[in-house]
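K.L.:
One structure, pasted below without further comment.
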2 protein chains.
Amino acid sequence: MTDVWIAGAGMTRFGRRDENLPDLMAEAALAALTDAGIERPDALVVAAMNPEEFTGEGNYGSLIATRLGLSLVPALRVETATSSGVAAVYAAFASVAAGLHRSVLVVGGEKMTHLPTPRVSEIIGRSIDPHEKSYGTTMPALAGLVTRAAMHRRGFTLREISQVAVKNHAHGARNPYAHFQEPVKLEAVMESRLVADPLRLFHCCPISDGGAALVVTAERRSVRIAGIGQGGDSIAVRYRSDLTTFRATQTAAQAAYRMAGFGAERVEVAEIHDAFTPFELISLEDTGLVPPGKAGRATLDGETAMGGRLPINPSGGLKARGHPLAATGISQLVELCWQLRGTATGRQVPARVGLAQSIGGLATNNWVTLLEVRR
Amino acid sequence: MTDVWIAGAGMTRFGRRDENLPDLMAEAALAALTDAGIERPDALVVAAMNPEEFTGEGNYGSLIATRLGLSLVPALRVETATSSGVAAVYAAFASVAAGLHRSVLVVGGEKMTHLPTPRVSEIIGRSIDPHEKSYGTTMPALAGLVTRAAMHRRGFTLREISQVAVKNHAHGARNPYAHFQEPVKLEAVMESRLVADPLRLFHCCPISDGGAALVVTAERRSVRIAGIGQGGDSIAVRYRSDLTTFRATQTAAQAAYRMAGFGAERVEVAEIHDAFTPFELISLEDTGLVPPGKAGRATLDGETAMGGRLPINPSGGLKARGHPLAATGISQLVELCWQLRGTATGRQVPARVGLAQSIGGLATNNWVTLLEVRR
């Protein structure tokens with residue numbers, strides 16, 4: 001298997017954007033191609049969770065290839081719900097690893113803020129098990145269920161899950177690409193309005209627009225994709241043996257560590273899928289970055305903050321950087337790439353190995369990716 | 001690069017089906033797994049063009065994995081408009097070729113007949129260039145434009161494009177999986193009602209439901225994927241230098257022949273994307289199976305019929321077997337696999353090498369695949 005390297009990384013500022021989705025993707029793609037010094041990649045992989053319903057347009061592989069002036073370049077679209085961005089990176093990785101292509105541009109994005117929130121919620125809700133959805137379940141409702149179970153069985157506290165928001169907003173305040181660039185106080189998080197008991201507004205990521213892109217290549221560069229692993233779990237939450245851990249993350253992490261030939265002990269920075277802040281705590285333990293039962297304490301003690309033992313979500317995470325669905329998984333890798341290269345101005349942490357974890361649906365289709373810098 | 005073989009093939013009968021899409025996909029997938037003698041593949045790739053709008057459900061990778069009792073198996077969804085099925089085969093091929101997985105189940109399908117035709121047309125129309133769509137363009141309208149241009153510039157006749165329908169319905173009459181299993185007469189085709197001048201109803205494939213599946217593997221079996229190639233073209237038809245050939249097919253064919261190490265001269269049977277019957281003529285020449293300007297004559301002379309020099313669409317093609325979008329590209333390979341193994345009961349042709357050609361959108365994202373039997 002050919003080694004796969006990251007030649008270029010780029011993204012748009014996330015947030016409420018006036019541009020349409022092809023323009024957001026093009027902005028990110030051109031930044032990544034420029035960074036890579038490549039004009040014409042051998043192939044293109046596009047990630048978008050549901051552009052047909054969010055934007056009214058489909059055939060996104062060909063649409064984005066044409067928008068980029070690359071209409072003759074073969075283009076695929078890949079989708080795994082909210083983790084689609086990493087799924088697209090995986091498809092590109094496989095093509096390069098197999099020797100089918102030398103360089104592949106991966107670009108993901110979503111445009112959502114132009115729609116009313118109930119419509120966004122309906123579209124995102126298509127990734128819920130149909131039977132469970134028939135009872136009126138929404139993503140925040142399922143996340144609330146998971147959180148309540150984790151508080152009851154694993155002792156998660158409201159203070160801990162609120163501190164994740166405080167930390168990630170503090171990080172986002174240093175990131176010019178973040179949707180929210182303002183710190184928030186613990187009291188403001190804990191007193192924000194209830195969304196799905198016990199989750200409050202500031203425990204939930206925003207609805208964001210944005211794009212992110214990578215160029216992967218078989219040519220040696222400074223940052224290598226050392227491991228990439230995927231894990232699945234039942235789309236029906238009621239069939240799971242445990243609500244308070246995500247088996248899909250555990251499987252993905254094992255696969256990524258196996259491919260990389262090293263474990264959590266070498267990870268020095270991570271981007272974690274905190275669509276709901278308690279998911280950061282769950283995921284820290286699922287990936288083995290923090291021992292079982294210790295994630296809440298580690299967060300309160302500042303271990304996962306910038307300057308701590310293991311900085312988590314220096315970008316601000318989904319909570320503060322924002323969550324334009326299919327852009328998110330790629331943007332995590334863009335951030336790690338910048339961190340490993342030492343170019344994350346204003347929020348640089350010292351690291352040679354970074355981990356990204358992405359959740360698709362209600363943890364039905366998760367990914368763990370390991371990046372390593374070779375100087 | 002590891003050689004990639006087809007371990008199993010299966011499909012549902014295409015047509016108007018009462019089952020929902022997960023059930024159709026499951027029927028095809030279980031047939032392919034049974035054929036392969038494999039219970040649990042290492043990974044799953046799902047193809048569906050737009051299940052969110054056709055069925056109201058999304059997250060199809062996880063949904064189908066769960067439906068198959070394979071919820072712990074990593075699952076991707078891949079989409080390239082109407083050629084999505086082959087795109088999924090490519091993703092599986094790349095994973096196996098790279099050594100990332102040993103066996104991958106690929107399943108594609110679509111459920112459309114429960115919706116009114118104008119709504120189906122609207123959903124399919126999302127793969128048209130947004131600017132061209134803003135003038136009211138539909139897929140049949142664009143196909144009519146291409147056909148009129150081909151009649152004017154390349155001398156295609158109504159009799160030739162009608163004979164494609166007659167031939168493919170005659171083939172479909174021998175295929176128990178086909179949507180239409182009745183022959184049609186030339187006069188009936190030429191006198192059927194006008195859809196988009198000069199295309200009449202019997203020049204156009206039907207709206208169908210159905211599923212198709214393959215298991216690909218690194219283990220040696222009888223049928224090998226000798227080559228798989230993709231080609232792109234501008235989503236904006238107005239930007240193309242020529243309306244009467246499909247550059248995306250030409251590029252895909254060159255790539256497939258290059259990978260296989262042989263050319264059109266070794267192909268003895270082919271499945272061609274005849275969503276509109278003139279596309280069969282265009283594609284025969286684009287793939288090099290018939291010399292430029294000869295496809296119409298070859299069709300009238302019976303060269304492309306069962307028993308002719310080069311049988312085209314022994315399954316009945318999209319015209320008679322039907323066109324459940326993302327199932328179609330996979331069903332072409334299922335048919336070729338059965339033909340090469342010698343198990344296409346009632347419609348068997350003698351062949352050691354088969355070619356499948358699939359069109360995404362209005363020829364924006366096309367694929368050519370070569371299968372070879374090794375006895």
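Residues are referred to by chain and number: the chain letter is A, B, ... according to the order shown in the structure tokens, the number counts from 1 in that chain, and ligands are numbered separately from 1 in the order shown.
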With 8 Å as the limit and counting only C-alpha atoms, what residues in chain B lie close to chain A? Please list them as a PyMOL selection string.
P.N.:
chain B and resi 1+50+52-53+56-63+65-66+71-81+87+91+94-95+97-100+126-130+230-236+248+361+364-365
K.L.:
Env of stretch 14-22 of chain A: 8 Å cut, atoms = only C-alpha atoms, seq-sep filter 2 positions within chain, self excluded. Answer as a list in words.
P.N.:
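Result of the neighbour search: Thr12, Leu24, Met25, Ala26, Thr55, Leu63, Ile64, Arg67, Gly109, Glu110, Lys111, Thr113, Tyr177, Ala178, His179, Phe180, Ile207, Ser208, Asp209, Gly210, Gly211, Arg321, Gly322, His323 and Pro324 of chain A.
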K.L.:
Could you please take those selected residues and save N, CA, C and O atoms as an mmCIF file, in the first residue's frame?
P.N.:
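For reference, part.cif as written:
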```cif
data_model
loop_
_atom_site.group_PDB
_atom_site.id
_atom_site.type_symbol
_atom_site.label_atom_id
_atom_site.label_comp_id
_atom_site.auth_asym_id
_atom_site.auth_seq_id
_atom_site.Cartn_x
_atom_site.Cartn_y
_atom_site.Cartn_z
ATOM 1 N N THR A 12 -13.019 27.628 4.271
ATOM 2 C CA THR A 12 -13.643 28.940 4.367
ATOM 3 C C THR A 12 -13.840 29.255 5.843
ATOM 4 O O THR A 12 -13.802 28.361 6.689
ATOM 5 N N LEU A 24 -18.781 28.260 -1.907
ATOM 6 C CA LEU A 24 -18.075 27.946 -0.658
ATOM 7 C C LEU A 24 -17.089 26.797 -0.884
ATOM 8 O O LEU A 24 -15.931 26.843 -0.433
ATOM 9 N N MET A 25 -17.544 25.756 -1.600
ATOM 10 C CA MET A 25 -16.642 24.636 -1.874
ATOM 11 C C MET A 25 -15.465 25.070 -2.737
ATOM 12 O O MET A 25 -14.331 24.646 -2.519
ATOM 13 N N ALA A 26 -15.741 25.936 -3.709
ATOM 14 C CA ALA A 26 -14.667 26.397 -4.592
ATOM 15 C C ALA A 26 -13.633 27.199 -3.806
ATOM 16 O O ALA A 26 -12.417 27.051 -4.017
ATOM 17 N N THR A 55 -30.083 22.737 -0.934
ATOM 18 C CA THR A 55 -29.842 23.764 -1.971
ATOM 19 C C THR A 55 -30.680 23.588 -3.226
ATOM 20 O O THR A 55 -30.669 24.475 -4.082
ATOM 21 N N LEU A 63 -21.034 18.939 -10.659
ATOM 22 C CA LEU A 63 -21.307 20.369 -10.464
ATOM 23 C C LEU A 63 -20.059 21.091 -9.941
ATOM 24 O O LEU A 63 -19.686 22.161 -10.441
ATOM 25 N N ILE A 64 -19.397 20.478 -8.957
ATOM 26 C CA ILE A 64 -18.219 21.133 -8.367
ATOM 27 C C ILE A 64 -17.013 21.023 -9.294
ATOM 28 O O ILE A 64 -16.233 21.975 -9.422
ATOM 29 N N ARG A 67 -17.559 23.765 -11.677
ATOM 30 C CA ARG A 67 -17.371 25.069 -11.014
ATOM 31 C C ARG A 67 -15.896 25.412 -10.847
ATOM 32 O O ARG A 67 -15.491 26.571 -10.898
ATOM 33 N N GLY A 109 -18.719 20.414 2.002
ATOM 34 C CA GLY A 109 -19.363 21.634 2.469
ATOM 35 C C GLY A 109 -20.849 21.445 2.635
ATOM 36 O O GLY A 109 -21.426 20.440 2.208
ATOM 37 N N GLU A 110 -21.450 22.414 3.287
ATOM 38 C CA GLU A 110 -22.912 22.423 3.406
ATOM 39 C C GLU A 110 -23.366 23.884 3.503
ATOM 40 O O GLU A 110 -22.621 24.743 3.995
ATOM 41 N N LYS A 111 -24.566 24.140 3.001
ATOM 42 C CA LYS A 111 -25.185 25.475 3.106
ATOM 43 C C LYS A 111 -26.547 25.262 3.724
ATOM 44 O O LYS A 111 -27.396 24.563 3.147
ATOM 45 N N THR A 113 -27.932 27.846 6.492
ATOM 46 C CA THR A 113 -28.494 28.941 7.296
ATOM 47 C C THR A 113 -29.593 29.719 6.583
ATOM 48 O O THR A 113 -30.305 30.500 7.216
ATOM 49 N N TYR A 177 -11.304 31.360 11.472
ATOM 50 C CA TYR A 177 -12.227 30.587 10.638
ATOM 51 C C TYR A 177 -13.490 30.162 11.395
ATOM 52 O O TYR A 177 -14.375 29.537 10.824
ATOM 53 N N ALA A 178 -13.544 30.475 12.704
ATOM 54 C CA ALA A 178 -14.632 29.954 13.532
ATOM 55 C C ALA A 178 -15.940 30.731 13.337
ATOM 56 O O ALA A 178 -15.926 31.950 13.099
ATOM 57 N N HIS A 179 -17.043 30.021 13.473
ATOM 58 C CA HIS A 179 -18.376 30.629 13.434
ATOM 59 C C HIS A 179 -18.515 31.609 14.607
ATOM 60 O O HIS A 179 -18.941 32.743 14.424
ATOM 61 N N PHE A 180 -18.167 31.148 15.817
ATOM 62 C CA PHE A 180 -18.229 32.008 17.007
ATOM 63 C C PHE A 180 -16.814 32.323 17.463
ATOM 64 O O PHE A 180 -16.032 31.422 17.740
ATOM 65 N N ILE A 207 -25.987 25.885 13.624
ATOM 66 C CA ILE A 207 -26.194 25.605 12.200
ATOM 67 C C ILE A 207 -25.279 26.558 11.437
ATOM 68 O O ILE A 207 -25.340 27.769 11.650
ATOM 69 N N SER A 208 -24.401 25.991 10.604
ATOM 70 C CA SER A 208 -23.367 26.806 9.943
ATOM 71 C C SER A 208 -23.292 26.501 8.457
ATOM 72 O O SER A 208 -23.666 25.421 8.019
ATOM 73 N N ASP A 209 -22.776 27.455 7.694
ATOM 74 C CA ASP A 209 -22.398 27.241 6.299
ATOM 75 C C ASP A 209 -20.876 27.192 6.230
ATOM 76 O O ASP A 209 -20.192 27.845 7.025
ATOM 77 N N GLY A 210 -20.352 26.485 5.231
ATOM 78 C CA GLY A 210 -18.911 26.507 5.051
ATOM 79 C C GLY A 210 -18.406 25.370 4.206
ATOM 80 O O GLY A 210 -19.148 24.432 3.878
ATOM 81 N N GLY A 211 -17.132 25.460 3.847
ATOM 82 C CA GLY A 211 -16.478 24.423 3.056
ATOM 83 C C GLY A 211 -15.074 24.179 3.573
ATOM 84 O O GLY A 211 -14.477 25.050 4.223
ATOM 85 N N ARG A 321 -16.254 26.523 16.250
ATOM 86 C CA ARG A 321 -15.871 26.689 14.830
ATOM 87 C C ARG A 321 -17.104 26.576 13.955
ATOM 88 O O ARG A 321 -17.220 27.190 12.913
ATOM 89 N N GLY A 322 -18.065 25.735 14.397
ATOM 90 C CA GLY A 322 -19.295 25.541 13.630
ATOM 91 C C GLY A 322 -19.337 24.167 12.996
ATOM 92 O O GLY A 322 -18.358 23.428 13.039
ATOM 93 N N HIS A 323 -20.501 23.832 12.393
ATOM 94 C CA HIS A 323 -20.718 22.464 11.909
ATOM 95 C C HIS A 323 -21.488 22.456 10.582
ATOM 96 O O HIS A 323 -22.664 22.092 10.537
ATOM 97 N N PRO A 324 -20.811 22.869 9.495
ATOM 98 C CA PRO A 324 -21.446 22.718 8.184
ATOM 99 C C PRO A 324 -21.292 21.257 7.725
ATOM 100 O O PRO A 324 -20.521 20.952 6.815
#
```
K.L.:
Could you jot down the atom CA of A:Leu325 to atom CA of A:Arg13 separation for me, Å, one decimal place?
P.N.:
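Computing it gives 14.1 Å between the two atoms.
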K.L.:
Restricting the calculation to only C-alpha atoms: of B:Val184, B:Ala260, B:Cys205, B:Val215, which residue gets closest to B:Gly37?
P.N.:
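Among B:Val184, B:Ala260, B:Cys205, B:Val215, it is B:Val215 that comes nearest to B:Gly37.
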K.L.:
Run DSSP on the backbone and tell me which residues of stretch 3-186 of chain B come out as helix (DSSP H, G or I); list them as a PyMOL selection string.
P.N.:
chain B and resi 21-36+51-55+60-67+84-97+117-127+130-133+139-154+158-172+186
K.L.:
Find the spatial neighbours of stretch 332-347 of chain B, counting only C-alpha atoms, within a cut-off of 6 Å - ignore same-chain residues fewer than 2 positions away - and output them as a list of chain:residue names.
P.N.:
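Result of the neighbour search: B:Ala9, B:Arg174, B:Glu271, B:Gly329, B:Ile330, B:Ala351, B:Arg352, B:Val373.
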